>>> print(open('start.cif').read())   # mmCIF, C-alpha atoms
data_coords
#
loop_
_atom_site.label_atom_id
_atom_site.label_comp_id
_atom_site.auth_asym_id
_atom_site.auth_seq_id
_atom_site.Cartn_x
_atom_site.Cartn_y
_atom_site.Cartn_z
CA MET V 24 -217.76 295.30 -40.15
CA SER V 25 -220.10 295.11 -43.08
CA VAL V 26 -223.38 293.49 -44.03
CA GLY V 27 -222.80 289.83 -44.85
CA LEU V 28 -224.29 287.59 -47.53
CA VAL V 29 -225.52 284.01 -47.24
CA LEU V 30 -225.91 282.22 -50.57
CA VAL V 31 -228.47 279.41 -50.24
CA SER V 32 -228.48 276.88 -53.05
CA HIS V 33 -229.46 273.27 -53.62
CA SER V 34 -225.90 272.66 -54.82
CA ARG V 35 -222.73 273.05 -52.79
CA ALA V 36 -220.77 273.73 -55.98
CA LEU V 37 -223.22 276.39 -57.16
CA ALA V 38 -223.14 278.28 -53.85
CA GLN V 39 -219.36 278.00 -53.60
CA GLY V 40 -218.84 279.12 -57.19
CA LEU V 41 -221.16 282.07 -56.77
CA ALA V 42 -219.35 283.10 -53.58
CA ASP V 43 -216.09 283.05 -55.55
CA VAL V 44 -217.60 285.28 -58.25
CA ALA V 45 -219.14 287.76 -55.77
CA ARG V 46 -215.93 288.03 -53.69
CA GLN V 47 -214.02 289.19 -56.76
CA MET V 48 -215.74 292.57 -56.47
CA ALA V 49 -216.26 292.55 -52.70
CA PRO V 50 -213.12 291.14 -51.10
CA SER V 51 -213.81 292.50 -47.61
CA VAL V 52 -217.44 291.35 -47.36
CA SER V 53 -218.33 288.14 -45.54
CA ILE V 54 -219.93 286.06 -48.30
CA VAL V 55 -220.81 282.63 -47.03
CA PRO V 56 -222.02 279.79 -49.27
CA ALA V 57 -224.66 277.44 -47.85
CA GLY V 58 -225.29 274.98 -50.65
CA GLY V 59 -226.35 271.36 -50.67
CA THR V 60 -227.18 268.98 -47.87
CA ASP V 61 -224.90 268.22 -44.91
CA ASP V 62 -223.28 265.38 -46.84
CA GLY V 63 -222.86 267.38 -50.04
CA GLY V 64 -225.93 266.05 -51.85
CA ILE V 65 -228.51 268.11 -53.71
CA GLY V 66 -230.83 269.86 -51.28
CA THR V 67 -230.73 272.49 -48.57
CA SER V 68 -229.50 272.23 -45.01
CA PHE V 69 -230.93 274.00 -41.97
CA ASP V 70 -227.68 273.46 -40.08
CA LEU V 71 -225.44 274.77 -42.89
CA ILE V 72 -227.66 277.83 -43.36
CA SER V 73 -227.77 278.52 -39.60
CA ALA V 74 -223.97 278.28 -39.40
CA ALA V 75 -223.62 280.51 -42.45
CA ILE V 76 -225.84 283.17 -40.86
CA ALA V 77 -223.70 283.09 -37.72
CA GLN V 78 -220.61 283.64 -39.85
CA ALA V 79 -222.07 286.28 -42.18
CA ASP V 80 -223.72 288.45 -39.55
CA GLN V 81 -220.94 290.11 -37.65
CA GLY V 82 -223.25 292.66 -36.09
CA ASP V 83 -224.29 294.75 -39.06
CA GLY V 84 -226.71 292.13 -40.34
CA ALA V 85 -226.86 289.80 -43.29
CA ILE V 86 -229.02 289.07 -46.29
CA LEU V 87 -229.90 285.63 -47.59
CA LEU V 88 -230.42 284.87 -51.26
CA TYR V 89 -231.77 281.52 -52.46
CA ASP V 90 -232.14 279.58 -55.69
CA LEU V 91 -235.40 277.59 -55.50
CA GLY V 92 -238.47 277.12 -53.30
CA SER V 93 -237.18 274.81 -50.61
CA GLY V 94 -234.13 277.05 -50.27
CA TYR V 95 -236.52 279.75 -49.15
CA LEU V 96 -238.41 277.38 -46.83
CA THR V 97 -235.23 276.18 -45.13
CA ALA V 98 -233.81 279.72 -44.94
CA SER V 99 -237.01 281.12 -43.43
CA THR V 100 -237.05 278.31 -40.85
CA ALA V 101 -233.43 279.09 -39.94
CA VAL V 102 -234.23 282.79 -39.52
CA GLU V 103 -237.21 281.91 -37.34
CA PHE V 104 -234.88 279.97 -35.01
CA LEU V 105 -232.56 282.98 -34.48
CA ASP V 106 -232.69 285.11 -31.37
CA PRO V 107 -235.33 287.79 -32.06
CA GLU V 108 -232.65 290.47 -31.64
CA GLN V 109 -230.51 288.92 -34.41
CA ALA V 110 -233.50 288.02 -36.59
CA GLU V 111 -234.25 291.74 -36.96
CA ARG V 112 -231.06 292.22 -38.98
CA VAL V 113 -231.21 289.05 -41.08
CA VAL V 114 -233.27 289.47 -44.24
CA ILE V 115 -234.21 286.97 -46.93
CA VAL V 116 -234.40 288.79 -50.25
CA ASP V 117 -236.42 287.61 -53.24
CA ALA V 118 -233.97 288.42 -56.01
CA PRO V 119 -232.20 286.61 -58.86
CA LEU V 120 -229.45 284.65 -57.12
CA VAL V 121 -226.37 285.41 -59.22
CA GLN V 122 -227.04 289.01 -60.18
CA GLY V 123 -228.52 289.74 -56.75
CA ALA V 124 -225.47 288.38 -54.97
CA VAL V 125 -223.02 290.41 -57.05
CA SER V 126 -225.08 293.59 -56.76
CA ALA V 127 -225.63 293.19 -52.99
CA ALA V 128 -221.98 292.31 -52.39
CA ILE V 129 -220.88 295.53 -54.07
CA SER V 130 -223.41 297.53 -52.04
CA SER V 131 -221.90 296.08 -48.88
CA GLN V 132 -218.32 296.53 -50.09
CA VAL V 133 -218.85 300.28 -50.54
CA GLY V 134 -220.15 300.58 -46.98
CA GLY V 135 -223.87 300.20 -47.43
CA ASP V 136 -226.03 299.43 -44.41
CA LEU V 137 -228.56 296.59 -44.32
CA ARG V 138 -231.17 298.62 -46.13
CA ALA V 139 -228.72 299.58 -48.86
CA VAL V 140 -227.60 295.99 -49.34
CA VAL V 141 -231.19 294.77 -49.59
CA SER V 142 -231.73 297.53 -52.14
CA GLY V 143 -228.64 296.36 -54.02
CA ALA V 144 -230.05 292.85 -54.26
CA LEU V 145 -233.44 294.16 -55.35
CA GLU V 146 -231.78 296.18 -58.14
CA ALA V 147 -231.12 292.83 -59.79
CA ARG V 148 -234.88 292.27 -60.10
CA ARG V 149 -235.24 295.34 -62.26
CA ALA V 150 -232.00 295.80 -64.13
CA ASP V 151 -231.68 294.49 -67.67
CA GLY V 152 -228.63 292.40 -68.36
CA PRO V 153 -226.12 293.41 -71.03
CA GLY V 154 -228.00 291.69 -73.83
CA GLY V 155 -229.99 288.74 -75.03
CA VAL V 156 -233.69 288.22 -75.70
CA ARG V 157 -235.87 290.01 -73.11
CA SER V 158 -239.29 289.14 -74.48
CA LEU V 159 -240.90 286.95 -77.13
CA ASP V 160 -241.34 290.13 -79.17
CA ASP V 161 -237.54 290.41 -79.31
CA LEU V 162 -237.42 286.81 -80.48
CA ASP V 163 -239.96 287.37 -83.23
CA GLY V 164 -238.49 290.74 -84.27
CA MET Z 26 -256.21 254.17 -24.41
CA VAL Z 27 -254.25 256.99 -22.80
CA CYS Z 28 -252.35 259.24 -25.21
CA ASP Z 29 -249.18 260.09 -23.31
CA ALA Z 30 -245.48 260.38 -24.15
CA ALA Z 31 -245.06 256.61 -24.59
CA THR Z 32 -247.98 256.28 -26.99
CA THR Z 33 -246.80 259.39 -28.85
CA VAL Z 34 -243.41 257.72 -29.29
CA ALA Z 35 -245.13 254.53 -30.48
CA ALA Z 36 -247.14 256.57 -32.99
CA ILE Z 37 -243.98 258.24 -34.30
CA ARG Z 38 -242.36 254.82 -34.69
CA ALA Z 39 -245.40 253.75 -36.71
CA VAL Z 40 -245.00 256.83 -38.90
CA ALA Z 41 -241.33 256.01 -39.48
CA ALA Z 42 -242.23 252.45 -40.46
CA THR Z 43 -244.88 253.74 -42.90
CA VAL Z 44 -242.46 256.22 -44.44
CA ALA Z 45 -239.91 253.44 -44.93
CA GLU Z 46 -242.57 251.18 -46.43
CA HIS Z 47 -243.68 253.84 -48.95
CA ARG Z 48 -240.23 255.35 -49.60
CA VAL Z 49 -239.87 254.11 -53.18
CA GLU Z 50 -243.48 254.87 -54.09
CA LEU Z 51 -243.24 258.46 -52.77
CA THR Z 52 -240.00 259.01 -54.65
CA HIS Z 53 -241.62 257.73 -57.85
CA LEU Z 54 -244.56 260.12 -57.38
CA ASP Z 55 -242.07 262.93 -56.88
CA ARG Z 56 -240.14 261.87 -59.97
CA ASP Z 57 -243.32 262.36 -62.01
CA ILE Z 58 -243.88 265.99 -61.02
CA GLY Z 59 -241.02 267.05 -58.74
CA ASP Z 60 -237.34 266.57 -58.05
CA GLY Z 61 -237.62 262.88 -57.29
CA ASP Z 62 -236.40 262.80 -53.73
CA HIS Z 63 -239.48 262.97 -51.49
CA GLY Z 64 -239.44 259.37 -50.27
CA GLU Z 65 -235.68 259.37 -49.75
CA ASN Z 66 -235.76 262.68 -47.90
CA LEU Z 67 -238.60 261.76 -45.55
CA SER Z 68 -237.07 258.36 -44.94
CA ARG Z 69 -233.73 259.95 -44.01
CA GLY Z 70 -235.54 262.29 -41.62
CA PHE Z 71 -237.56 259.64 -39.82
CA THR Z 72 -234.60 257.27 -39.64
CA ALA Z 73 -232.77 260.05 -37.78
CA VAL Z 74 -235.83 260.50 -35.54
CA ILE Z 75 -235.78 256.80 -34.62
CA THR Z 76 -232.07 257.01 -33.83
CA LYS Z 77 -232.69 259.95 -31.50
CA LEU Z 78 -235.62 258.22 -29.80
CA ALA Z 79 -233.45 255.15 -29.25
CA ALA Z 80 -230.92 257.37 -27.46
CA GLY Z 81 -233.51 258.43 -24.91
CA SER Z 82 -237.24 259.06 -25.04
CA PRO Z 83 -238.63 262.46 -24.06
CA GLU Z 84 -241.08 262.40 -21.17
CA THR Z 85 -244.01 264.45 -22.45
CA PRO Z 86 -245.95 264.51 -25.73
CA THR Z 87 -244.75 268.06 -26.43
CA ALA Z 88 -241.11 267.00 -26.02
CA VAL Z 89 -241.59 264.03 -28.36
CA LEU Z 90 -243.16 266.25 -31.02
CA LYS Z 91 -240.42 268.87 -30.63
CA LEU Z 92 -237.70 266.24 -31.03
CA VAL Z 93 -239.38 265.07 -34.24
CA ALA Z 94 -239.65 268.66 -35.47
CA THR Z 95 -236.03 269.67 -34.91
CA THR Z 96 -234.72 266.38 -36.29
CA LEU Z 97 -236.78 266.65 -39.49
CA ILE Z 98 -235.75 270.28 -39.96
CA SER Z 99 -232.08 269.33 -39.62
CA THR Z 100 -232.00 266.14 -41.66
CA VAL Z 101 -234.60 266.04 -44.44
CA GLY Z 102 -232.84 268.35 -46.90
CA GLY Z 103 -235.85 269.18 -49.08
CA ALA Z 104 -238.96 271.33 -48.75
CA SER Z 105 -240.62 268.66 -46.62
CA GLY Z 106 -238.04 269.26 -43.85
CA PRO Z 107 -239.14 272.78 -42.99
CA LEU Z 108 -242.78 271.96 -43.79
CA PHE Z 109 -243.21 268.76 -41.75
CA GLY Z 110 -240.78 270.17 -39.18
CA THR Z 111 -242.87 273.30 -38.74
CA ALA Z 112 -246.02 271.14 -38.54
CA PHE Z 113 -244.59 269.06 -35.68
CA LEU Z 114 -243.18 272.17 -33.98
CA ARG Z 115 -246.57 273.91 -33.98
CA ALA Z 116 -248.23 270.71 -32.78
CA SER Z 117 -245.67 270.55 -29.97
CA THR Z 118 -246.48 274.12 -28.94
CA SER Z 119 -250.20 273.42 -29.18
CA VAL Z 120 -250.20 270.46 -26.78
CA GLY Z 121 -248.19 272.48 -24.25
CA ALA Z 122 -247.39 270.92 -20.91
CA ALA Z 123 -250.18 268.31 -21.04
CA GLU Z 124 -249.09 264.85 -19.88
CA THR Z 125 -251.94 263.18 -21.76
CA LEU Z 126 -253.95 264.24 -24.79
CA ASP Z 127 -257.66 263.87 -25.52
CA GLY Z 128 -259.45 264.12 -28.85
CA THR Z 129 -259.85 267.88 -28.55
CA ALA Z 130 -256.13 268.37 -27.87
CA VAL Z 131 -255.19 266.20 -30.84
CA ALA Z 132 -257.57 268.07 -33.15
CA ALA Z 133 -256.14 271.38 -31.90
CA ALA Z 134 -252.59 270.11 -32.50
CA LEU Z 135 -253.48 269.08 -36.06
CA THR Z 136 -255.02 272.50 -36.64
CA ALA Z 137 -251.89 274.23 -35.35
CA ALA Z 138 -249.76 271.96 -37.55
CA ARG Z 139 -251.78 272.85 -40.65
CA ASP Z 140 -251.63 276.56 -39.81
CA GLY Z 141 -247.85 276.28 -39.47
CA VAL Z 142 -247.51 274.61 -42.86
CA VAL Z 143 -249.64 277.33 -44.46
CA ALA Z 144 -247.60 280.07 -42.75
CA ARG Z 145 -244.33 278.49 -43.89
CA GLY Z 146 -245.21 277.50 -47.45
CA LYS Z 147 -247.97 280.01 -48.17
CA ALA Z 148 -249.97 277.40 -50.12
CA GLU Z 149 -253.75 277.60 -50.35
CA SER Z 150 -256.25 274.83 -50.84
CA GLY Z 151 -256.25 273.76 -54.47
CA ASP Z 152 -252.55 274.51 -55.06
CA LYS Z 153 -251.82 270.76 -55.24
CA THR Z 154 -249.76 270.51 -52.05
CA MET Z 155 -249.85 268.76 -48.68
CA VAL Z 156 -252.34 271.42 -47.57
CA ASP Z 157 -254.92 269.68 -49.78
CA ALA Z 158 -254.62 266.63 -47.52
CA LEU Z 159 -254.11 268.50 -44.26
CA THR Z 160 -257.03 270.91 -44.40
CA PRO Z 161 -259.72 268.22 -44.96
CA ALA Z 162 -258.01 266.20 -42.20
CA VAL Z 163 -258.15 269.15 -39.80
CA ASN Z 164 -261.81 269.77 -40.60
CA ALA Z 165 -262.69 266.11 -40.04
CA ALA Z 166 -260.65 265.94 -36.83
CA ASN Z 167 -262.33 269.02 -35.41
CA ALA Z 168 -265.78 267.69 -36.33
CA ALA Z 169 -265.02 264.40 -34.56
CA ALA Z 170 -263.61 266.18 -31.50
CA ASP Z 171 -266.60 268.51 -31.35
CA GLY Z 172 -268.75 265.37 -31.37
CA GLY Z 173 -266.98 264.20 -28.22
CA ARG Z 174 -264.85 261.53 -29.93
CA GLY Z 175 -261.60 260.28 -28.48
CA VAL Z 176 -258.10 260.28 -29.96
CA PRO Z 177 -258.47 257.10 -32.10
CA GLU Z 178 -261.69 258.34 -33.75
CA VAL Z 179 -260.31 261.85 -34.26
CA LEU Z 180 -257.17 260.53 -35.97
CA SER Z 181 -259.13 257.97 -37.97
CA ALA Z 182 -261.43 260.71 -39.30
CA ALA Z 183 -258.39 262.84 -40.13
CA ALA Z 184 -256.67 259.96 -41.95
CA ASP Z 185 -259.77 259.16 -44.03
CA ALA Z 186 -260.19 262.80 -45.04
CA ALA Z 187 -256.49 263.17 -45.84
CA ALA Z 188 -256.57 260.07 -48.08
CA ASP Z 189 -259.52 261.53 -50.00
CA GLY Z 190 -257.75 264.88 -50.11
CA ALA Z 191 -254.62 263.31 -51.58
CA VAL Z 192 -256.61 261.56 -54.32
CA ALA Z 193 -258.36 264.86 -55.07
CA THR Z 194 -255.00 266.48 -55.93
CA THR Z 195 -254.74 264.33 -59.08
CA PRO Z 196 -256.71 266.63 -61.44
CA MET Z 197 -255.23 269.79 -59.94
CA GLN Z 198 -252.59 271.94 -61.64
CA ALA Z 199 -249.73 272.69 -59.26
CA ARG Z 200 -249.34 276.31 -58.21
CA LYS Z 201 -246.63 275.82 -55.56
CA GLY Z 202 -243.36 273.96 -55.36
CA ARG Z 203 -241.22 272.39 -58.02
CA ALA Z 204 -244.27 270.87 -59.75
CA SER Z 205 -245.57 274.37 -60.55
CA TYR Z 206 -242.82 274.72 -63.18
CA LEU Z 207 -244.56 271.91 -65.08
CA GLY Z 208 -247.77 273.92 -65.55
CA GLU Z 209 -250.53 271.82 -67.10
CA ARG Z 210 -248.26 268.78 -67.22
CA SER Z 211 -248.63 268.50 -63.43
CA ILE Z 212 -252.28 267.50 -63.97
CA GLY Z 213 -253.01 263.78 -63.66
CA HIS Z 214 -250.57 262.97 -60.86
CA VAL Z 215 -251.12 262.67 -57.12
CA ASP Z 216 -249.15 265.29 -55.20
CA PRO Z 217 -246.37 263.48 -53.32
CA GLY Z 218 -246.62 265.74 -50.26
CA ALA Z 219 -250.38 265.21 -50.00
CA GLN Z 220 -249.83 261.45 -50.32
CA SER Z 221 -247.14 261.32 -47.63
CA THR Z 222 -249.32 263.45 -45.36
CA ALA Z 223 -252.15 260.94 -45.81
CA TYR Z 224 -249.83 258.01 -45.05
CA LEU Z 225 -248.50 259.80 -41.98
CA LEU Z 226 -251.97 260.42 -40.58
CA ARG Z 227 -253.00 256.83 -41.37
CA ALA Z 228 -250.02 255.59 -39.36
CA LEU Z 229 -250.91 257.87 -36.44
CA ALA Z 230 -254.52 256.60 -36.57
CA GLY Z 231 -253.36 252.99 -36.71
CA ALA Z 232 -251.14 253.47 -33.67
CA ALA Z 233 -253.94 255.20 -31.75
CA ALA Z 234 -256.35 252.36 -32.58
CA GLY Z 235 -253.84 250.02 -30.95
#
>>> encode(input="start.cif", output="structure tokens")
Amino acid sequence: MSVGLVLVSHSRALAQGLADVARQMAPSVSIVPAGGTDDGGIGTSFDLISAAIAQADQGDGAILLYDLGSGYLTASTAVEFLDPEQAERVVIVDAPLVQGAVSAAISSQVGGDLRAVVSGALEARRADGPGGVRSLDDLDG
Amino acid sequence: MVCDAATTVAAIRAVAATVAEHRVELTHLDRDIGDGDHGENLSRGFTAVITKLAAGSPETPTAVLKLVATTLISTVGGASGPLFGTAFLRASTSVGAAETLDGTAVAAALTAARDGVVARGKAESGDKTMVDALTPAVNAANAAADGGRGVPEVLSAAADAAADGAVATTPMQARKGRASYLGERSIGHVDPGAQSTAYLLRALAGAAAG
């Protein structure tokens, strides 16, 4: 078992594509996309997210990452509907979606527990990327 | 008028009709400062609610409100699903096992609904959200209930205050939701969520007035 990931996005394609990217470096982690509405439109789905949590949490817990505001609202509602015992090991993390997913997936792949995987996702909040403008000062300089 | 499960169902049907009537307008408001789906999303949700009610009506007000809550949460697809869904869920919990509701119970349910929305979305008054319609509505409803008013007067006071609250969002700059990305450009538009909240309460008041 390992800590699973649920990728909440407004777009089915975005969530699916990100799952593909994250699985490259974490082939044995349960990474479950939950993007779009039930009929594949743009939006978020309580039912898809709930089903994704059930799939991602195999006992060691799961983290949820989201793209935009209503992704968080729907995810937090889904977590609130879980059994209290399961809800304790399902954590929504406020982290950049793509980098957070890859970082958390690797943390889980190497055997990290829930706390370590949350920490992996949070790393993405702090870490600089490989390059590009990081401030307007960079732009002006 | 007795406010029981049947009148609660009738009020929800009135809400669904109002949402359908204002679907295009709400979507246009949301196109101005949001993602342009508010009317469509709410309409999809309440259409699903009507379908479920047609399949069999719950027998208590709390069961009606809970059915509305779970259906909206499952079908709306945007932020208003969890927000309105949580509002109806908290209202359902608030009315408890009561077979009939009086003005005080309705005001308490509205208060619980507002508190649920705030807990879910973490918006404060002045953020240009549905809370800017709900909080004045809750205050007016509680004042009417404290004055011994019945359900129609409580809901009418809430609807009036919510309509004023929605208008008052126009000069605000959004600090929550998709509109907040627009910064100062969100000023000068009515918040779609505040407007739909006002319509919803007006429909409830209209149904209660009979």
>>> atom_distance(input="start.cif", atom1="atom CA of Glu103 of chain V", atom2="atom CA of Ile72 of chain V")
12.0 Å
>>> atom_distance(input="start.cif", atom1="atom CA of Glu209 of chain Z", atom2="atom CA of Ala188 of chain Z")
23.2 Å
>>> atom_distance(input="start.cif", atom1="atom CA of Gly134 of chain V", atom2="atom CA of Leu71 of chain V")
26.7 Å
>>> closest_residue(input="start.cif", among="V:Leu88, V:Val140, V:Ile65, V:Val133", to="chain Z", atoms="only C-alpha atoms")
V:Ile65
>>> resolve_selection(input="start.cif", expression="the PyMOL selection byres ((chain V) within 7 of (chain Z))", output="list in words")
Thr60, Gly66, Thr67, Ser68, Phe69, Asp70, Gly92, Ser93, Leu96, Thr97 and Thr100 of chain V
>>> resolve_selection(input="start.cif", expression="the PyMOL selection byres ((chain V and resi 150-162) around 12)", output="ChimeraX atom specification")
/V:118-119,121-123,126,143-149,163-164
>>> resolve_selection(input="start.cif", expression="the PyMOL selection byres ((chain Z and resi 229) around 7)", output="number ranges by chain")
Z: 36, 39-40, 180, 225-228, 230-233
>>> write_last_selection(input="start.cif", atoms="C-alpha atoms", output="short mmCIF file (atom, residue, chain, number, x, y, z; two decimals), in the frame of the given file")
data_model
loop_
_atom_site.label_atom_id
_atom_site.label_comp_id
_atom_site.auth_asym_id
_atom_site.auth_seq_id
_atom_site.Cartn_x
_atom_site.Cartn_y
_atom_site.Cartn_z
CA ALA Z 36 -247.14 256.57 -32.99
CA ALA Z 39 -245.40 253.75 -36.71
CA VAL Z 40 -245.00 256.83 -38.90
CA LEU Z 180 -257.17 260.53 -35.97
CA LEU Z 225 -248.50 259.80 -41.98
CA LEU Z 226 -251.97 260.42 -40.58
CA ARG Z 227 -253.00 256.83 -41.37
CA ALA Z 228 -250.02 255.59 -39.36
CA ALA Z 230 -254.52 256.60 -36.57
CA GLY Z 231 -253.36 252.99 -36.71
CA ALA Z 232 -251.14 253.47 -33.67
CA ALA Z 233 -253.94 255.20 -31.75
#
>>> residues_around(input="start.cif", residues="Pro56 of chain V", least_positions_apart="5", cutoff="8 Å", atoms="only C-alpha atoms", output="PyMOL selection string")
chain V and resi 29-31+35+38-39+41-42+75
>>> closest_residue(input="start.cif", among="Z:Ala112, Z:Leu78, Z:Val34, Z:Ala182", to="Asn167 of chain Z", atoms="all atoms listed in the file")
Z:Ala182
